[in-house]
Amino acid sequence: MSRLLAFAKNFRSFAELAATYAEGVDYRITRLLRAESATGIVAPHGGPIEAHTVELATEIAGEDFSLYLFEGIRSTDNYAALHLTSHYFDEPRCLEILAGCDDVVAIHGCGGDGEVVLVGGLDKDLATELGAAMIRAGLVCFLEGHKFPGTHPNNICNRGRRSVGVQLEISASFRESLPHRRTLVTVVREVLLKRIARRTQPCGVQSSV
């Protein structure tokens with residue numbers, strides 16, 4: 001007998017979602033903790049929930065950054081069943097990773113026209129740095145004036161060690177474009193690696209990264 005569909009929009013915590021849907025049946029969690037890294041990449045709505053966010057997050061993390069993925073694996077209704085609002089996404093394994101991260105970037109998918117990235121989150125310095133780098137690379141992005149500010153303190157992007165982070169809401173047509181995805185991955189990785197280099201270099205020494 002098939003289960004009745006419960007809508008994720010009615011859940012107010014991951015525990016409520018997990019009481020209704022089963023790991024390994026409805027969803028899959030991937031957790032790669034790189035203890036030497038203070039940077040975390042998160043895709044909380046992966047698989048068919050928001051297409052291509054897993055690929056983007058995985059490629060941005062590479063071998064350098066910690067990675068957390070939550071993916072829908074249902075045959076149907078992944079978005080309706082599993083799209084837990086970001087400020088309710090408190091899955092413990094994700095929070096454990098982010099507790100050791102100074103920089104957090106959450107990868108999301110959104111609708112809308114055109115190939116655009118909507119930048120949000122409470123880490124305004126990192127958001128500004130990423131936005132400027134995207135524009136230099138020829139991508140279209142907006143840091144304000146959109147409906148995804150990502151400023152709720154419990155938004156998963158803001159659950160790192162510094163209680164700030166960045167949320168990238170990426171349009172469907174952008175996510176469908178392999179060249180755009182490759183450019184975004186390169187841009188985000190370069191910005192994050194430069195931040196690490198600045199933190200780790202001795203005072204007075206200019207980074208060449």
# chains A, B, ... in the order shown; residues from 1 in each chain; ligands from 1
call {"tool": "select_by_dssp", "arguments": {"residues": "segment 40-186 of chain A", "states": "alpha helix (DSSP H)", "output": "ChimeraX atom specification"}}
result
/A:53-61,78-82,92-98,124-136,172-176,178-186
call {"tool": "write_last_selection", "arguments": {"atoms": "N, CA and C atoms", "output": "short mmCIF file (atom, residue, chain, number, x, y, z; two decimals), in the first residue's frame"}}
result
data_model
loop_
_atom_site.label_atom_id
_atom_site.label_comp_id
_atom_site.auth_asym_id
_atom_site.auth_seq_id
_atom_site.Cartn_x
_atom_site.Cartn_y
_atom_site.Cartn_z
N THR A 53 21.81 20.71 -8.35
CA THR A 53 22.48 21.35 -7.21
C THR A 53 23.51 20.42 -6.59
N VAL A 54 23.27 19.12 -6.64
CA VAL A 54 24.25 18.16 -6.12
C VAL A 54 25.54 18.21 -6.93
N GLU A 55 25.39 18.23 -8.26
CA GLU A 55 26.59 18.28 -9.11
C GLU A 55 27.39 19.56 -8.84
N LEU A 56 26.70 20.68 -8.74
CA LEU A 56 27.38 21.94 -8.49
C LEU A 56 28.10 21.92 -7.14
N ALA A 57 27.40 21.50 -6.10
CA ALA A 57 28.00 21.48 -4.77
C ALA A 57 29.21 20.54 -4.72
N THR A 58 29.07 19.37 -5.33
CA THR A 58 30.16 18.38 -5.32
C THR A 58 31.39 18.91 -6.04
N GLU A 59 31.17 19.56 -7.19
CA GLU A 59 32.31 20.08 -7.94
C GLU A 59 32.95 21.28 -7.26
N ILE A 60 32.15 22.10 -6.60
CA ILE A 60 32.73 23.21 -5.86
C ILE A 60 33.56 22.70 -4.68
N ALA A 61 33.06 21.72 -3.97
CA ALA A 61 33.80 21.17 -2.84
C ALA A 61 35.10 20.51 -3.29
N ASN A 78 9.21 14.53 -5.30
CA ASN A 78 10.36 14.84 -4.45
C ASN A 78 10.28 16.25 -3.88
N TYR A 79 9.91 17.21 -4.72
CA TYR A 79 9.85 18.59 -4.22
C TYR A 79 8.79 18.74 -3.15
N ALA A 80 7.61 18.26 -3.42
CA ALA A 80 6.50 18.42 -2.47
C ALA A 80 6.78 17.72 -1.15
N ALA A 81 7.39 16.54 -1.23
CA ALA A 81 7.61 15.74 -0.03
C ALA A 81 8.84 16.17 0.76
N LEU A 82 9.88 16.64 0.08
CA LEU A 82 11.19 16.74 0.73
C LEU A 82 11.82 18.13 0.72
N PRO A 92 21.02 16.93 11.84
CA PRO A 92 22.17 16.97 12.76
C PRO A 92 23.53 16.75 12.09
N ARG A 93 23.60 15.89 11.10
CA ARG A 93 24.90 15.64 10.46
C ARG A 93 25.38 16.86 9.68
N CYS A 94 24.42 17.61 9.14
CA CYS A 94 24.78 18.83 8.45
C CYS A 94 25.28 19.87 9.45
N LEU A 95 24.56 20.05 10.53
CA LEU A 95 24.96 21.02 11.55
C LEU A 95 26.32 20.68 12.15
N GLU A 96 26.61 19.39 12.28
CA GLU A 96 27.90 18.97 12.82
C GLU A 96 29.05 19.42 11.91
N ILE A 97 28.86 19.26 10.61
CA ILE A 97 29.89 19.72 9.68
C ILE A 97 30.05 21.23 9.76
N LEU A 98 28.94 21.96 9.72
CA LEU A 98 29.01 23.41 9.64
C LEU A 98 29.54 24.03 10.92
N LYS A 124 27.98 39.13 4.25
CA LYS A 124 27.96 40.14 3.20
C LYS A 124 29.32 40.28 2.51
N ASP A 125 30.40 40.10 3.25
CA ASP A 125 31.72 40.21 2.64
C ASP A 125 31.93 39.12 1.59
N LEU A 126 31.62 37.88 1.96
CA LEU A 126 31.78 36.78 1.01
C LEU A 126 30.80 36.92 -0.14
N ALA A 127 29.57 37.33 0.14
CA ALA A 127 28.58 37.52 -0.93
C ALA A 127 29.06 38.55 -1.93
N THR A 128 29.60 39.66 -1.43
CA THR A 128 30.10 40.71 -2.32
C THR A 128 31.27 40.22 -3.15
N GLU A 129 32.16 39.48 -2.52
CA GLU A 129 33.33 38.95 -3.23
C GLU A 129 32.90 37.96 -4.32
N LEU A 130 31.96 37.09 -3.99
CA LEU A 130 31.48 36.13 -4.98
C LEU A 130 30.75 36.85 -6.11
N GLY A 131 29.91 37.82 -5.77
CA GLY A 131 29.18 38.55 -6.80
C GLY A 131 30.11 39.25 -7.77
N ALA A 132 31.12 39.92 -7.24
CA ALA A 132 32.07 40.62 -8.11
C ALA A 132 32.81 39.65 -9.02
N ALA A 133 33.19 38.49 -8.48
CA ALA A 133 33.90 37.49 -9.28
C ALA A 133 33.00 36.92 -10.37
N MET A 134 31.73 36.70 -10.06
CA MET A 134 30.79 36.20 -11.08
C MET A 134 30.64 37.20 -12.21
N ILE A 135 30.50 38.46 -11.86
CA ILE A 135 30.33 39.49 -12.89
C ILE A 135 31.57 39.56 -13.77
N ARG A 136 32.75 39.50 -13.17
CA ARG A 136 33.98 39.52 -13.97
C ARG A 136 34.04 38.34 -14.92
N ALA A 172 16.82 27.76 -13.16
CA ALA A 172 16.77 26.46 -13.84
C ALA A 172 17.56 26.46 -15.13
N SER A 173 17.42 27.50 -15.94
CA SER A 173 18.13 27.53 -17.22
C SER A 173 19.63 27.62 -17.02
N PHE A 174 20.06 28.32 -15.97
CA PHE A 174 21.49 28.36 -15.63
C PHE A 174 21.97 26.95 -15.29
N ARG A 175 21.22 26.25 -14.46
CA ARG A 175 21.62 24.90 -14.03
C ARG A 175 21.63 23.90 -15.18
N GLU A 176 20.84 24.20 -16.23
CA GLU A 176 20.82 23.31 -17.39
C GLU A 176 21.99 23.57 -18.34
N LEU A 178 25.74 23.58 -19.10
CA LEU A 178 27.01 23.06 -18.61
C LEU A 178 28.10 24.13 -18.60
N PRO A 179 28.23 24.99 -19.63
CA PRO A 179 29.24 26.05 -19.57
C PRO A 179 29.04 27.00 -18.39
N HIS A 180 27.80 27.36 -18.12
CA HIS A 180 27.54 28.23 -16.99
C HIS A 180 27.90 27.54 -15.67
N ARG A 181 27.56 26.27 -15.55
CA ARG A 181 27.88 25.54 -14.32
C ARG A 181 29.39 25.47 -14.12
N ARG A 182 30.11 25.20 -15.19
CA ARG A 182 31.57 25.11 -15.08
C ARG A 182 32.17 26.45 -14.65
N THR A 183 31.65 27.54 -15.21
CA THR A 183 32.15 28.86 -14.85
C THR A 183 31.86 29.16 -13.39
N LEU A 184 30.66 28.84 -12.94
CA LEU A 184 30.31 29.11 -11.55
C LEU A 184 31.19 28.31 -10.60
N VAL A 185 31.40 27.05 -10.90
CA VAL A 185 32.27 26.22 -10.05
C VAL A 185 33.65 26.84 -9.95
N THR A 186 34.23 27.24 -11.07
CA THR A 186 35.56 27.83 -11.08
C THR A 186 35.60 29.11 -10.25
#
call {"tool": "residues_around", "arguments": {"residues": "Lys9 of chain A", "least_positions_apart": "6", "cutoff": "8 Å", "atoms": "only C-alpha atoms", "output": "ChimeraX atom specification"}}
result
/A:80,83-85
call {"tool": "closest_residue", "arguments": {"among": "A:Ala197, A:Ala51, A:Leu17, A:Val119", "to": "Gly165 of chain A", "atoms": "only C-alpha atoms"}}
result
A:Val119
call {"tool": "decode", "arguments": {"residues": "segment 99-196 of chain A", "atoms": "C-alpha atoms", "output": "CSV table (one decimal), in the first residue's frame"}}
result
chain,number,residue,atom,x,y,z
A,99,ALA,CA,29.9,23.9,13.3
A,100,GLY,CA,33.6,23.7,12.2
A,101,CYS,CA,33.3,25.9,9.2
A,102,ASP,CA,34.1,29.6,8.9
A,103,ASP,CA,32.8,29.9,5.3
A,104,VAL,CA,29.6,28.2,4.2
A,105,VAL,CA,28.0,28.3,0.8
A,106,ALA,CA,24.6,26.7,0.2
A,107,ILE,CA,23.6,25.8,-3.3
A,108,HIS,CA,19.9,26.0,-4.3
A,109,GLY,CA,17.8,26.0,-7.4
A,110,CYS,CA,15.1,28.6,-8.2
A,111,GLY,CA,12.7,29.4,-11.0
A,112,GLY,CA,12.5,32.6,-13.0
A,113,ASP,CA,13.6,33.7,-16.4
A,114,GLY,CA,17.2,33.9,-17.7
A,115,GLU,CA,20.4,32.4,-16.5
A,116,VAL,CA,21.0,34.1,-13.2
A,117,VAL,CA,22.4,33.6,-9.7
A,118,LEU,CA,20.6,35.3,-6.8
A,119,VAL,CA,23.1,35.8,-3.9
A,120,GLY,CA,21.9,35.9,-0.3
A,121,GLY,CA,23.0,35.1,3.2
A,122,LEU,CA,24.4,37.0,6.2
A,123,ASP,CA,28.0,36.9,5.1
A,124,LYS,CA,28.0,40.1,3.2
A,125,ASP,CA,31.7,40.2,2.6
A,126,LEU,CA,31.8,36.8,1.0
A,127,ALA,CA,28.6,37.5,-0.9
A,128,THR,CA,30.1,40.7,-2.3
A,129,GLU,CA,33.3,38.9,-3.2
A,130,LEU,CA,31.5,36.1,-5.0
A,131,GLY,CA,29.2,38.5,-6.8
A,132,ALA,CA,32.1,40.6,-8.1
A,133,ALA,CA,33.9,37.5,-9.3
A,134,MET,CA,30.8,36.2,-11.1
A,135,ILE,CA,30.3,39.5,-12.9
A,136,ARG,CA,34.0,39.5,-14.0
A,137,ALA,CA,33.4,36.0,-15.3
A,138,GLY,CA,30.5,37.2,-17.4
A,139,LEU,CA,27.7,35.7,-15.3
A,140,VAL,CA,24.6,37.5,-14.3
A,141,CYS,CA,24.0,37.8,-10.6
A,142,PHE,CA,22.0,39.9,-8.1
A,143,LEU,CA,22.9,40.5,-4.5
A,144,GLU,CA,19.8,42.4,-3.6
A,145,GLY,CA,16.3,43.2,-4.9
A,146,HIS,CA,15.3,39.5,-5.1
A,147,LYS,CA,13.1,37.3,-3.0
A,148,PHE,CA,15.8,35.0,-1.6
A,149,PRO,CA,17.8,37.1,0.9
A,150,GLY,CA,18.8,34.2,3.0
A,151,THR,CA,19.0,36.4,6.1
A,152,HIS,CA,17.1,34.3,8.6
A,153,PRO,CA,19.6,33.3,11.3
A,154,ASN,CA,18.5,29.7,11.2
A,155,ASN,CA,18.9,29.5,7.4
A,156,ILE,CA,21.2,26.5,6.9
A,157,CYS,CA,23.7,28.8,5.1
A,158,ASN,CA,24.1,30.8,8.4
A,159,ARG,CA,24.6,27.9,10.7
A,160,GLY,CA,28.5,27.8,10.5
A,161,ARG,CA,30.9,28.7,13.2
A,162,ARG,CA,30.6,32.5,12.5
A,163,SER,CA,26.8,32.3,12.2
A,164,VAL,CA,26.9,33.8,8.7
A,165,GLY,CA,27.1,32.3,5.2
A,166,VAL,CA,26.1,32.6,1.6
A,167,GLN,CA,23.2,31.2,-0.3
A,168,LEU,CA,23.3,30.9,-4.1
A,169,GLU,CA,19.9,30.5,-5.7
A,170,ILE,CA,20.5,29.4,-9.3
A,171,SER,CA,17.9,29.6,-12.0
A,172,ALA,CA,16.8,26.5,-13.8
A,173,SER,CA,18.1,27.5,-17.2
A,174,PHE,CA,21.5,28.4,-15.6
A,175,ARG,CA,21.6,24.9,-14.0
A,176,GLU,CA,20.8,23.3,-17.4
A,177,SER,CA,23.8,25.0,-19.0
A,178,LEU,CA,27.0,23.1,-18.6
A,179,PRO,CA,29.2,26.0,-19.6
A,180,HIS,CA,27.5,28.2,-17.0
A,181,ARG,CA,27.9,25.5,-14.3
A,182,ARG,CA,31.6,25.1,-15.1
A,183,THR,CA,32.2,28.9,-14.9
A,184,LEU,CA,30.3,29.1,-11.5
A,185,VAL,CA,32.3,26.2,-10.1
A,186,THR,CA,35.6,27.8,-11.1
A,187,VAL,CA,34.6,31.2,-9.7
A,188,VAL,CA,33.3,30.0,-6.3
A,189,ARG,CA,36.3,27.7,-5.8
A,190,GLU,CA,38.8,30.5,-6.6
A,191,VAL,CA,37.1,32.9,-4.2
A,192,LEU,CA,37.0,30.4,-1.4
A,193,LEU,CA,40.6,29.3,-1.9
A,194,LYS,CA,41.8,32.9,-1.9
A,195,ARG,CA,40.0,33.5,1.4
A,196,ILE,CA,41.7,30.5,2.9
